[in-house]
file upload_34.csv (CSV, C-alpha atoms and all ligand atoms)
chain,number,residue,atom,x,y,z
A,1,MET,CA,-82.0,-37.4,-39.6
A,2,LEU,CA,-79.2,-39.6,-41.1
A,3,GLU,CA,-80.2,-42.3,-43.5
A,4,ILE,CA,-77.8,-44.9,-44.9
A,5,LYS,CA,-79.4,-46.8,-47.7
A,6,SER,CA,-78.1,-50.0,-49.4
A,7,LEU,CA,-74.5,-48.9,-48.8
A,8,SER,CA,-72.0,-51.3,-50.4
A,9,LYS,CA,-68.2,-51.3,-50.4
A,10,SER,CA,-65.7,-53.9,-51.4
A,11,PHE,CA,-61.9,-53.9,-51.3
A,12,TYR,CA,-59.6,-55.9,-53.4
A,13,SER,CA,-56.8,-57.9,-51.8
A,14,GLY,CA,-53.2,-57.9,-53.2
A,15,SER,CA,-54.0,-61.0,-55.2
A,16,GLY,CA,-57.0,-59.2,-56.7
A,17,LYS,CA,-59.7,-61.2,-54.8
A,18,LYS,CA,-62.8,-59.1,-54.0
A,19,ARG,CA,-63.9,-58.8,-50.4
A,20,VAL,CA,-67.3,-57.4,-49.6
A,21,ILE,CA,-67.0,-55.2,-46.5
A,22,LEU,CA,-70.4,-53.4,-46.5
A,23,ASP,CA,-73.2,-55.3,-48.2
A,24,GLU,CA,-76.3,-53.2,-48.9
A,25,LEU,CA,-76.2,-51.9,-45.4
A,26,ASN,CA,-79.0,-49.8,-44.0
A,27,LEU,CA,-79.2,-47.6,-40.9
A,28,THR,CA,-81.3,-44.7,-39.8
A,29,VAL,CA,-80.1,-42.4,-37.0
A,30,ASN,CA,-82.7,-39.9,-35.7
A,31,ASP,CA,-81.7,-36.4,-34.6
A,32,GLY,CA,-80.2,-36.5,-31.1
A,33,GLU,CA,-80.0,-40.3,-31.1
A,34,SER,CA,-76.9,-42.1,-29.9
A,35,VAL,CA,-75.9,-45.4,-31.5
A,36,ALA,CA,-73.0,-47.8,-30.8
A,37,ILE,CA,-71.6,-50.0,-33.5
A,38,VAL,CA,-69.7,-53.1,-32.3
A,39,GLY,CA,-68.2,-55.9,-34.2
A,40,PRO,CA,-65.0,-57.9,-34.7
A,41,SER,CA,-61.8,-56.2,-35.8
A,42,GLY,CA,-61.8,-56.0,-39.6
A,43,SER,CA,-65.6,-56.2,-40.0
A,44,GLY,CA,-65.8,-52.7,-41.6
A,45,LYS,CA,-66.7,-50.4,-38.7
A,46,THR,CA,-64.1,-47.7,-39.7
A,47,THR,CA,-65.0,-48.1,-43.4
A,48,LEU,CA,-68.7,-47.4,-42.5
A,49,LEU,CA,-67.9,-44.3,-40.4
A,50,ASN,CA,-65.6,-43.0,-43.1
A,51,MET,CA,-68.5,-43.2,-45.6
A,52,VAL,CA,-70.8,-41.4,-43.3
A,53,GLY,CA,-68.2,-38.7,-42.8
A,54,ALA,CA,-67.6,-38.5,-46.6
A,55,LEU,CA,-63.9,-39.4,-46.1
A,56,ASP,CA,-64.4,-42.3,-48.5
A,57,HIS,CA,-66.9,-43.1,-51.3
A,58,PRO,CA,-69.2,-46.2,-51.4
A,59,ASP,CA,-69.4,-48.5,-54.5
A,60,ALA,CA,-73.2,-48.1,-54.3
A,61,GLY,CA,-75.9,-46.8,-52.0
A,62,GLU,CA,-76.7,-43.5,-50.4
A,63,VAL,CA,-76.0,-41.5,-47.3
A,64,LEU,CA,-78.6,-38.8,-46.7
A,65,LEU,CA,-78.5,-36.1,-44.1
A,66,ASP,CA,-81.8,-34.4,-43.6
A,67,GLY,CA,-82.8,-35.8,-47.0
A,68,GLU,CA,-79.8,-34.4,-48.8
A,69,SER,CA,-77.5,-36.8,-50.6
A,70,VAL,CA,-73.9,-36.6,-49.3
A,71,PHE,CA,-72.3,-38.1,-52.3
A,72,SER,CA,-73.9,-35.9,-54.9
A,73,LYS,CA,-71.9,-33.0,-53.4
A,74,ASN,CA,-68.8,-31.6,-55.2
A,75,GLU,CA,-65.4,-31.5,-53.5
A,76,LYS,CA,-66.0,-28.0,-52.1
A,77,GLN,CA,-69.4,-28.9,-50.7
A,78,LEU,CA,-68.0,-32.1,-49.3
A,79,ALA,CA,-65.3,-30.1,-47.5
A,80,GLU,CA,-67.9,-27.8,-46.1
A,81,PHE,CA,-70.1,-30.8,-45.1
A,82,ARG,CA,-67.2,-32.5,-43.2
A,83,ASN,CA,-66.3,-29.2,-41.5
A,84,GLN,CA,-69.8,-28.1,-40.5
A,85,SER,CA,-72.1,-31.1,-40.3
A,86,ILE,CA,-69.8,-33.7,-39.0
A,87,GLY,CA,-67.6,-33.9,-35.9
A,88,PHE,CA,-64.9,-36.5,-35.9
A,89,VAL,CA,-63.3,-38.1,-32.8
A,90,PHE,CA,-60.6,-40.8,-33.5
A,91,GLN,CA,-58.9,-43.3,-31.3
A,92,LEU,CA,-55.8,-41.1,-31.2
A,93,HIS,CA,-56.6,-37.5,-30.7
A,94,HIS,CA,-54.7,-36.1,-33.8
A,95,LEU,CA,-54.2,-32.7,-32.0
A,96,LEU,CA,-51.5,-30.5,-33.5
A,97,PRO,CA,-48.5,-30.6,-31.0
A,98,GLN,CA,-47.4,-27.0,-31.6
A,99,LEU,CA,-50.8,-25.5,-30.8
A,100,ASN,CA,-52.2,-25.1,-27.4
A,101,LEU,CA,-55.5,-26.8,-26.4
A,102,VAL,CA,-57.8,-23.9,-27.2
A,103,GLU,CA,-56.1,-23.3,-30.5
A,104,ASN,CA,-56.6,-26.9,-31.4
A,105,ILE,CA,-60.3,-26.7,-30.5
A,106,LEU,CA,-60.7,-23.6,-32.7
A,107,LEU,CA,-59.0,-25.1,-35.8
A,108,PRO,CA,-62.4,-26.1,-37.4
A,109,VAL,CA,-63.6,-22.5,-36.9
A,110,ILE,CA,-60.5,-21.2,-38.8
A,111,ALA,CA,-61.1,-23.7,-41.5
A,112,ARG,CA,-64.7,-22.5,-41.8
A,113,GLN,CA,-64.4,-18.7,-41.6
A,114,LYS,CA,-60.7,-17.8,-41.6
A,115,LYS,CA,-60.8,-16.0,-38.3
A,116,VAL,CA,-62.0,-16.7,-34.8
A,117,ASP,CA,-64.9,-14.4,-33.7
A,118,ASP,CA,-66.2,-13.8,-30.2
A,119,PRO,CA,-69.1,-16.3,-30.4
A,120,SER,CA,-66.6,-19.0,-31.3
A,121,ARG,CA,-64.3,-18.0,-28.5
A,122,GLN,CA,-67.3,-18.1,-26.2
A,123,ARG,CA,-68.3,-21.5,-27.4
A,124,ALA,CA,-64.8,-22.9,-26.9
A,125,GLU,CA,-65.0,-21.6,-23.3
A,126,THR,CA,-68.3,-23.3,-22.7
A,127,LEU,CA,-67.0,-26.6,-24.2
A,128,THR,CA,-63.8,-26.6,-22.2
A,129,GLN,CA,-65.8,-25.8,-19.1
A,130,LYS,CA,-68.2,-28.8,-19.7
A,131,LEU,CA,-65.3,-31.1,-20.5
A,132,GLY,CA,-63.3,-30.1,-17.4
A,133,ILE,CA,-60.3,-28.8,-19.4
A,134,ARG,CA,-60.7,-25.1,-19.0
A,135,GLU,CA,-57.7,-24.6,-16.8
A,136,LEU,CA,-55.6,-26.5,-19.3
A,137,GLN,CA,-56.4,-24.4,-22.3
A,138,ASN,CA,-53.0,-22.8,-22.7
A,139,GLN,CA,-51.2,-26.1,-22.4
A,140,LYS,CA,-49.9,-28.0,-25.4
A,141,PRO,CA,-51.0,-31.6,-26.1
A,142,GLY,CA,-47.6,-33.0,-25.1
A,143,GLU,CA,-48.2,-31.6,-21.6
A,144,LEU,CA,-51.6,-33.4,-21.2
A,145,SER,CA,-52.8,-36.9,-20.4
A,146,GLY,CA,-54.4,-39.2,-22.9
A,147,GLY,CA,-57.8,-38.5,-21.4
A,148,GLU,CA,-57.3,-34.7,-21.5
A,149,CYS,CA,-56.2,-34.9,-25.1
A,150,GLN,CA,-59.3,-37.0,-26.0
A,151,ARG,CA,-61.6,-34.5,-24.2
A,152,THR,CA,-59.9,-31.7,-26.2
A,153,ALA,CA,-60.6,-33.7,-29.4
A,154,VAL,CA,-64.3,-33.9,-28.4
A,155,ALA,CA,-64.4,-30.2,-27.9
A,156,ARG,CA,-62.8,-29.7,-31.4
A,157,ALA,CA,-65.4,-32.1,-32.9
A,158,LEU,CA,-68.3,-30.1,-31.4
A,159,ILE,CA,-67.0,-26.5,-31.9
A,160,ASN,CA,-68.9,-26.0,-35.2
A,161,GLN,CA,-72.1,-27.4,-33.8
A,162,PRO,CA,-72.3,-30.4,-36.1
A,163,LYS,CA,-75.4,-32.5,-36.7
A,164,ILE,CA,-73.6,-35.7,-36.1
A,165,VAL,CA,-70.5,-36.7,-34.1
A,166,LEU,CA,-68.7,-39.8,-35.4
A,167,ALA,CA,-66.3,-41.4,-32.9
A,168,ASP,CA,-64.1,-44.3,-33.9
A,169,GLU,CA,-63.0,-46.2,-30.8
A,170,PRO,CA,-62.7,-42.9,-28.9
A,171,THR,CA,-61.7,-44.7,-25.6
A,172,GLY,CA,-59.6,-47.3,-27.2
A,173,ALA,CA,-56.3,-45.9,-26.0
A,174,LEU,CA,-57.5,-44.8,-22.6
A,175,ASP,CA,-57.4,-46.4,-19.1
A,176,GLN,CA,-60.6,-47.5,-17.5
A,177,HIS,CA,-61.2,-44.3,-15.5
A,178,SER,CA,-60.5,-41.9,-18.4
A,179,SER,CA,-62.5,-44.1,-20.6
A,180,ASP,CA,-65.6,-44.0,-18.3
A,181,GLN,CA,-65.2,-40.3,-17.9
A,182,LEU,CA,-65.0,-39.7,-21.7
A,183,ALA,CA,-68.0,-42.0,-22.3
A,184,ASP,CA,-70.1,-40.0,-19.8
A,185,LEU,CA,-69.0,-36.7,-21.3
A,186,LEU,CA,-69.8,-37.8,-24.9
A,187,LEU,CA,-73.3,-38.9,-23.8
A,188,GLN,CA,-73.9,-35.7,-21.7
A,189,LEU,CA,-72.9,-33.5,-24.7
A,190,ASN,CA,-74.9,-35.6,-27.1
A,191,LYS,CA,-78.0,-34.8,-25.0
A,192,GLU,CA,-77.2,-31.1,-24.3
A,193,GLU,CA,-76.1,-30.2,-27.8
A,194,LYS,CA,-78.8,-32.4,-29.4
A,195,THR,CA,-76.3,-33.9,-31.8
A,196,SER,CA,-76.6,-37.4,-33.1
A,197,LEU,CA,-73.7,-39.7,-32.0
A,198,ILE,CA,-72.3,-42.8,-33.7
A,199,VAL,CA,-69.7,-44.5,-31.7
A,200,VAL,CA,-67.6,-47.5,-32.8
A,201,THR,CA,-66.3,-49.3,-29.8
A,202,HIS,CA,-65.1,-52.5,-28.3
A,203,SER,CA,-66.1,-51.4,-24.9
A,204,MET,CA,-69.5,-52.8,-23.8
A,205,SER,CA,-69.6,-50.3,-20.9
A,206,LEU,CA,-69.5,-47.5,-23.5
A,207,ALA,CA,-71.9,-49.2,-26.0
A,208,SER,CA,-74.5,-49.9,-23.3
A,209,LYS,CA,-74.8,-46.2,-22.5
A,210,MET,CA,-76.1,-45.5,-26.1
A,211,ASP,CA,-79.7,-45.5,-27.1
A,212,LYS,CA,-79.1,-48.4,-29.5
A,213,ILE,CA,-76.4,-51.0,-30.2
A,214,TYR,CA,-75.8,-52.5,-33.6
A,215,GLN,CA,-73.5,-55.3,-34.5
A,216,LEU,CA,-71.7,-55.1,-37.8
A,217,GLU,CA,-71.2,-58.6,-39.2
A,218,ASN,CA,-71.0,-59.9,-42.8
A,219,GLY,CA,-71.5,-56.4,-44.2
A,220,LYS,CA,-74.8,-55.8,-42.4
A,221,LEU,CA,-75.9,-54.2,-39.2
A,222,GLN,CA,-78.0,-56.2,-36.7
A,223,LEU,CA,-79.8,-54.4,-33.9
A,224,VAL,CA,-78.7,-56.1,-30.7
A,225,GLN,CA,-80.1,-53.7,-28.1
A,226,SER,CA,-82.4,-50.7,-28.0
A,301,LIG,N1,-58.3,-48.8,-48.3
A,301,LIG,C1,-58.4,-50.1,-48.1
A,301,LIG,N2,-57.9,-50.9,-49.1
A,301,LIG,C2,-58.0,-52.3,-49.0
A,301,LIG,N3,-58.6,-52.9,-47.9
A,301,LIG,C3,-59.1,-52.1,-46.9
A,301,LIG,C4,-59.0,-50.7,-47.0
A,301,LIG,N4,-59.6,-50.1,-45.9
A,301,LIG,C5,-60.0,-51.2,-45.1
A,301,LIG,N5,-59.7,-52.4,-45.8
A,301,LIG,C6,-60.0,-53.7,-45.3
A,301,LIG,O1,-61.4,-53.7,-45.0
A,301,LIG,C7,-61.7,-54.5,-43.8
A,301,LIG,C8,-62.4,-53.6,-42.8
A,301,LIG,O2,-61.6,-52.7,-42.3
A,301,LIG,P1,-62.0,-51.6,-41.2
A,301,LIG,O3,-63.2,-50.9,-41.7
A,301,LIG,O4,-60.9,-50.8,-40.8
A,301,LIG,O5,-62.5,-52.6,-40.0
A,301,LIG,P2,-62.8,-52.3,-38.5
A,301,LIG,O6,-62.7,-50.8,-38.3
A,301,LIG,O7,-64.1,-52.9,-38.2
A,301,LIG,O8,-61.7,-53.0,-37.7
A,301,LIG,C9,-60.3,-55.0,-43.3
A,301,LIG,O9,-60.1,-56.3,-43.8
A,301,LIG,C10,-59.3,-54.0,-44.0
A,301,LIG,O10,-58.1,-54.6,-44.2
A,302,MG,MG,-61.6,-49.6,-37.1
call {"tool": "encode", "arguments": {"input": "upload_34.csv", "output": "C-alpha cells"}}
result
Amino acid sequence: MLEIKSLSKSFYSGSGKKRVILDELNLTVNDGESVAIVGPSGSGKTTLLNMVGALDHPDAGEVLLDGESVFSKNEKQLAEFRNQSIGFVFQLHHLLPQLNLVENILLPVIARQKKVDDPSRQRAETLTQKLGIRELQNQKPGELSGGECQRTAVARALINQPKIVLADEPTGALDQHSSDQLADLLLQLNKEEKTSLIVVTHSMSLASKMDKIYQLENGKLQLVQS
C-alpha cells in the first residue's frame, strides 16, 4: 500500500515569490489499485509523481510504501527503490536510440544485477508478447511508431516487477487509436501483474478506465469518481 501523508512542496519564482504547489496533500493507493490524477496544466501533477518516485524531495510530509518511509532512505537505497519498487512511464518514451527494443526493456535489469539472466529474458519475452511488440524486439526505437515505443516503455517499466507504476501523460503524444490501445494495455497489465498504477492524464477516456479519479487543484486532491 502507498500512503502519501501531508505532502507539501513550494517553488520560488524568479522574483522570489513563494508558490505552494502541493499543500498537505494526502492519498492512499491500495495494492493493485489504479488511480487517475487529472487537473489543469501547472497544477503540480508531475511534481506529485516525482515525489512518489523519489525523483524529488518534498518540503514536508511523508511517502510510505508498505509502511516504509521513502525519504528516510539514503541515496543508494533510493536508487534501489526507484529501480525495483517503481516503474516509470513518461509522455515521451526516453528509449535509448542505439539499443534495440528488447535491450531497452532489459536496461533496468542490468542496472539492478549487472547481467541479464534467463528469468529476466523470459520475462521480457512475456511482456513483449502481452504488449504486442514481440516481433519488433530487434528493431531500434527510430524504426518504431510512437505507440510501439510507448508500449516498449511500459515493458521497461514492468520488467523488475515494481509495486507501483507511475505514468505521466503516457498517451499525451499519441494519436487516438494508439492512445486507446496503450490505455487498455496499461489496465490489463495492472490487473495481471497486480501492480498499483497512478496515471496523470488529460484524457478522460483513459482516466475513466481507472478505479478512481482524483482532481489536483490548489495543492490538494479531490476524489471526483470511484
Ligand atoms: N523545479 C522547479 N522549479 C520551479 N518551479 C517549478 C519546478 N518544477 C515545477 N515548477 C512549477 O510548479 C508548477 C507545477 O508544475 P508541474 O508539476 O509540472 O505541473 P503539471 O504536471 O500539473 O502541469 C508549475 O507552475 C511549474 O512551473
Ligand atoms: Mg506535468
call {"tool": "closest_residue", "arguments": {"input": "upload_34.csv", "among": "A:Lys114, A:Lys163, A:Lys194, A:Lys212", "to": "Leu65 (chain A)", "atoms": "only C-alpha atoms"}}
result
A:Lys163
call {"tool": "closest_residue", "arguments": {"input": "upload_34.csv", "among": "A:Glu148, A:Ala153, A:Gly42, A:Ile164", "to": "ligand MG 302 (chain A)", "atoms": "only C-alpha atoms and all ligand atoms"}}
result
A:Gly42
call {"tool": "residues_near_ligand", "arguments": {"input": "upload_34.csv", "ligand": "ligand MG 302 (chain A)", "cutoff": "8 Å", "atoms": "only C-alpha atoms and all ligand atoms", "output": "PDB file with C-alpha atoms, in the coordinates of the input"}}
result
ATOM      1  CA  SER A  41     -61.800 -56.200 -35.800  1.00  0.00           C
ATOM      2  CA  GLY A  42     -61.800 -56.000 -39.600  1.00  0.00           C
ATOM      3  CA  GLY A  44     -65.800 -52.700 -41.600  1.00  0.00           C
ATOM      4  CA  LYS A  45     -66.700 -50.400 -38.700  1.00  0.00           C
ATOM      5  CA  THR A  46     -64.100 -47.700 -39.700  1.00  0.00           C
ATOM      6  CA  THR A  47     -65.000 -48.100 -43.400  1.00  0.00           C
ATOM      7  CA  ASP A 168     -64.100 -44.300 -33.900  1.00  0.00           C
ATOM      8  CA  GLU A 169     -63.000 -46.200 -30.800  1.00  0.00           C
ATOM      9  CA  VAL A 200     -67.600 -47.500 -32.800  1.00  0.00           C
TER      10      VAL A 200
END
call {"tool": "atom_distance", "arguments": {"input": "upload_34.csv", "atom1": "CA of Thr152 (chain A)", "atom2": "CA of Ser205 (chain A)"}}
result
21.6 Å
call {"tool": "closest_atom_pairs", "arguments": {"input": "upload_34.csv", "of": "region 134-221 of chain A", "to": "region 76-88 of chain A", "cutoff": "9 Å", "atoms": "all atoms listed in the file", "output": "tab-separated table"}}
result
residue	atom	partner	partner_atom	distance
A:Ala153	CA	A:Phe88	CA	8.3
A:Val154	CA	A:Phe88	CA	8.0
A:Arg156	CA	A:Gly87	CA	7.8
A:Ala157	CA	A:Gly87	CA	4.1
A:Leu158	CA	A:Gly87	CA	5.9
A:Ile159	CA	A:Gly87	CA	8.4
A:Asn160	CA	A:Gln84	CA	5.8
A:Gln161	CA	A:Gln84	CA	7.1
A:Pro162	CA	A:Ser85	CA	4.3
A:Lys163	CA	A:Ser85	CA	5.1
A:Ile164	CA	A:Ile86	CA	5.2
A:Val165	CA	A:Gly87	CA	4.4
A:Leu166	CA	A:Phe88	CA	5.1
A:Ala167	CA	A:Phe88	CA	5.9
A:Asp168	CA	A:Phe88	CA	8.1
call {"tool": "residues_near_ligand", "arguments": {"input": "upload_34.csv", "ligand": "ligand LIG 301 (chain A)", "cutoff": "10 Å", "atoms": "all atoms listed in the file", "output": "PyMOL selection string"}}
result
chain A and resi 9-14+18-22+37-50+56+168-169+200-202+216-217+219
call {"tool": "closest_residue", "arguments": {"input": "upload_34.csv", "among": "A:Ile105, A:Leu185, A:Ala36, A:Leu7", "to": "Met204 (chain A)", "atoms": "only C-alpha atoms"}}
result
A:Ala36
call {"tool": "closest_residue", "arguments": {"input": "upload_34.csv", "among": "A:Leu92, A:Pro108, A:Glu143, A:Leu2", "to": "Glu62 (chain A)", "atoms": "only C-alpha atoms"}}
result
A:Leu2
call {"tool": "atom_distance", "arguments": {"input": "upload_34.csv", "atom1": "CA of Val35 (chain A)", "atom2": "CA of Tyr214 (chain A)"}}
result
7.4 Å
call {"tool": "residues_near_point", "arguments": {"input": "upload_34.csv", "point": "(-58.8, -20.9, -28.4)", "cutoff": "10 Å", "atoms": "all atoms listed in the file", "output": "VMD selection string"}}
result
chain A and resid 99 to 107 109 116 120 to 125 128 137 to 138
call {"tool": "write_last_selection", "arguments": {"input": "upload_34.csv", "atoms": "C-alpha atoms", "output": "short mmCIF file (atom, residue, chain, number, x, y, z; two decimals), in the frame of the given file"}}
result
data_model
loop_
_atom_site.label_atom_id
_atom_site.label_comp_id
_atom_site.auth_asym_id
_atom_site.auth_seq_id
_atom_site.Cartn_x
_atom_site.Cartn_y
_atom_site.Cartn_z
CA LEU A 99 -50.80 -25.50 -30.80
CA ASN A 100 -52.20 -25.10 -27.40
CA LEU A 101 -55.50 -26.80 -26.40
CA VAL A 102 -57.80 -23.90 -27.20
CA GLU A 103 -56.10 -23.30 -30.50
CA ASN A 104 -56.60 -26.90 -31.40
CA ILE A 105 -60.30 -26.70 -30.50
CA LEU A 106 -60.70 -23.60 -32.70
CA LEU A 107 -59.00 -25.10 -35.80
CA VAL A 109 -63.60 -22.50 -36.90
CA VAL A 116 -62.00 -16.70 -34.80
CA SER A 120 -66.60 -19.00 -31.30
CA ARG A 121 -64.30 -18.00 -28.50
CA GLN A 122 -67.30 -18.10 -26.20
CA ARG A 123 -68.30 -21.50 -27.40
CA ALA A 124 -64.80 -22.90 -26.90
CA GLU A 125 -65.00 -21.60 -23.30
CA THR A 128 -63.80 -26.60 -22.20
CA GLN A 137 -56.40 -24.40 -22.30
CA ASN A 138 -53.00 -22.80 -22.70
#
call {"tool": "residues_around", "arguments": {"input": "upload_34.csv", "residues": "Leu206 (chain A)", "least_positions_apart": "6", "cutoff": "10 Å", "atoms": "only C-alpha atoms", "output": "PyMOL selection string"}}
result
chain A and resi 36+169-171+179-180+182-184+186-187+199-200
call {"tool": "closest_residue", "arguments": {"input": "upload_34.csv", "among": "A:Gln150, A:Asn26, A:Ser34, A:Ser6", "to": "Ile213 (chain A)", "atoms": "all atoms listed in the file"}}
result
A:Ser34
call {"tool": "build_atoms", "arguments": {"input": "upload_34.csv", "residues": "region 44-53 of chain A", "atoms": "all heavy atoms", "output": "PDB file, keeping the file's coordinate frame"}}
result
ATOM      1  N   GLY A  44     -65.389 -53.854 -40.729  1.00  0.00           N
ATOM      2  CA  GLY A  44     -65.800 -52.700 -41.600  1.00  0.00           C
ATOM      3  C   GLY A  44     -66.333 -51.522 -40.844  1.00  0.00           C
ATOM      4  O   GLY A  44     -66.902 -50.615 -41.468  1.00  0.00           O
ATOM      5  N   LYS A  45     -66.128 -51.466 -39.540  1.00  0.00           N
ATOM      6  CA  LYS A  45     -66.700 -50.400 -38.700  1.00  0.00           C
ATOM      7  C   LYS A  45     -66.097 -49.020 -39.151  1.00  0.00           C
ATOM      8  O   LYS A  45     -66.820 -48.035 -39.325  1.00  0.00           O
ATOM      9  CB  LYS A  45     -66.467 -50.630 -37.239  1.00  0.00           C
ATOM     10  CG  LYS A  45     -67.015 -51.977 -36.776  1.00  0.00           C
ATOM     11  CD  LYS A  45     -66.776 -52.221 -35.294  1.00  0.00           C
ATOM     12  CE  LYS A  45     -65.322 -52.241 -34.870  1.00  0.00           C
ATOM     13  NZ  LYS A  45     -64.534 -53.375 -35.454  1.00  0.00           N
ATOM     14  N   THR A  46     -64.781 -48.985 -39.278  1.00  0.00           N
ATOM     15  CA  THR A  46     -64.100 -47.700 -39.700  1.00  0.00           C
ATOM     16  C   THR A  46     -64.523 -47.364 -41.108  1.00  0.00           C
ATOM     17  O   THR A  46     -64.800 -46.181 -41.396  1.00  0.00           O
ATOM     18  CB  THR A  46     -62.597 -47.872 -39.554  1.00  0.00           C
ATOM     19  OG1 THR A  46     -62.283 -48.045 -38.163  1.00  0.00           O
ATOM     20  CG2 THR A  46     -61.873 -46.656 -40.086  1.00  0.00           C
ATOM     21  N   THR A  47     -64.597 -48.364 -41.970  1.00  0.00           N
ATOM     22  CA  THR A  47     -65.000 -48.100 -43.400  1.00  0.00           C
ATOM     23  C   THR A  47     -66.407 -47.460 -43.367  1.00  0.00           C
ATOM     24  O   THR A  47     -66.629 -46.481 -44.086  1.00  0.00           O
ATOM     25  CB  THR A  47     -65.069 -49.456 -44.130  1.00  0.00           C
ATOM     26  OG1 THR A  47     -63.771 -50.058 -44.064  1.00  0.00           O
ATOM     27  CG2 THR A  47     -65.462 -49.256 -45.576  1.00  0.00           C
ATOM     28  N   LEU A  48     -67.307 -47.966 -42.541  1.00  0.00           N
ATOM     29  CA  LEU A  48     -68.700 -47.400 -42.500  1.00  0.00           C
ATOM     30  C   LEU A  48     -68.637 -45.949 -41.978  1.00  0.00           C
ATOM     31  O   LEU A  48     -69.258 -45.075 -42.590  1.00  0.00           O
ATOM     32  CB  LEU A  48     -69.532 -48.282 -41.543  1.00  0.00           C
ATOM     33  CG  LEU A  48     -70.932 -47.749 -41.247  1.00  0.00           C
ATOM     34  CD1 LEU A  48     -71.745 -47.583 -42.518  1.00  0.00           C
ATOM     35  CD2 LEU A  48     -71.663 -48.690 -40.267  1.00  0.00           C
ATOM     36  N   LEU A  49     -67.922 -45.689 -40.895  1.00  0.00           N
ATOM     37  CA  LEU A  49     -67.900 -44.300 -40.400  1.00  0.00           C
ATOM     38  C   LEU A  49     -67.248 -43.370 -41.422  1.00  0.00           C
ATOM     39  O   LEU A  49     -67.694 -42.233 -41.578  1.00  0.00           O
ATOM     40  CB  LEU A  49     -67.021 -44.228 -39.102  1.00  0.00           C
ATOM     41  CG  LEU A  49     -67.652 -44.599 -37.769  1.00  0.00           C
ATOM     42  CD1 LEU A  49     -66.837 -44.013 -36.626  1.00  0.00           C
ATOM     43  CD2 LEU A  49     -69.099 -44.145 -37.649  1.00  0.00           C
ATOM     44  N   ASN A  50     -66.217 -43.856 -42.110  1.00  0.00           N
ATOM     45  CA  ASN A  50     -65.600 -43.000 -43.100  1.00  0.00           C
ATOM     46  C   ASN A  50     -66.535 -42.650 -44.258  1.00  0.00           C
ATOM     47  O   ASN A  50     -66.445 -41.553 -44.817  1.00  0.00           O
ATOM     48  CB  ASN A  50     -64.345 -43.730 -43.713  1.00  0.00           C
ATOM     49  CG  ASN A  50     -63.180 -43.723 -42.736  1.00  0.00           C
ATOM     50  OD1 ASN A  50     -63.208 -43.020 -41.732  1.00  0.00           O
ATOM     51  ND2 ASN A  50     -62.165 -44.513 -43.028  1.00  0.00           N
ATOM     52  N   MET A  51     -67.463 -43.521 -44.564  1.00  0.00           N
ATOM     53  CA  MET A  51     -68.500 -43.200 -45.600  1.00  0.00           C
ATOM     54  C   MET A  51     -69.436 -42.145 -45.071  1.00  0.00           C
ATOM     55  O   MET A  51     -69.781 -41.210 -45.780  1.00  0.00           O
ATOM     56  CB  MET A  51     -69.328 -44.437 -45.923  1.00  0.00           C
ATOM     57  CG  MET A  51     -68.575 -45.631 -46.327  1.00  0.00           C
ATOM     58  SD  MET A  51     -68.165 -45.565 -48.040  1.00  0.00           S
ATOM     59  CE  MET A  51     -66.922 -46.814 -48.040  1.00  0.00           C
ATOM     60  N   VAL A  52     -69.881 -42.332 -43.827  1.00  0.00           N
ATOM     61  CA  VAL A  52     -70.800 -41.400 -43.300  1.00  0.00           C
ATOM     62  C   VAL A  52     -70.213 -39.989 -43.204  1.00  0.00           C
ATOM     63  O   VAL A  52     -70.866 -38.979 -43.477  1.00  0.00           O
ATOM     64  CB  VAL A  52     -71.295 -41.823 -41.847  1.00  0.00           C
ATOM     65  CG1 VAL A  52     -72.188 -40.776 -41.211  1.00  0.00           C
ATOM     66  CG2 VAL A  52     -72.013 -43.160 -41.917  1.00  0.00           C
ATOM     67  N   GLY A  53     -68.925 -39.948 -42.886  1.00  0.00           N
ATOM     68  CA  GLY A  53     -68.200 -38.700 -42.800  1.00  0.00           C
ATOM     69  C   GLY A  53     -67.677 -38.198 -44.145  1.00  0.00           C
ATOM     70  O   GLY A  53     -66.956 -37.207 -44.200  1.00  0.00           O
TER      71      GLY A  53
END
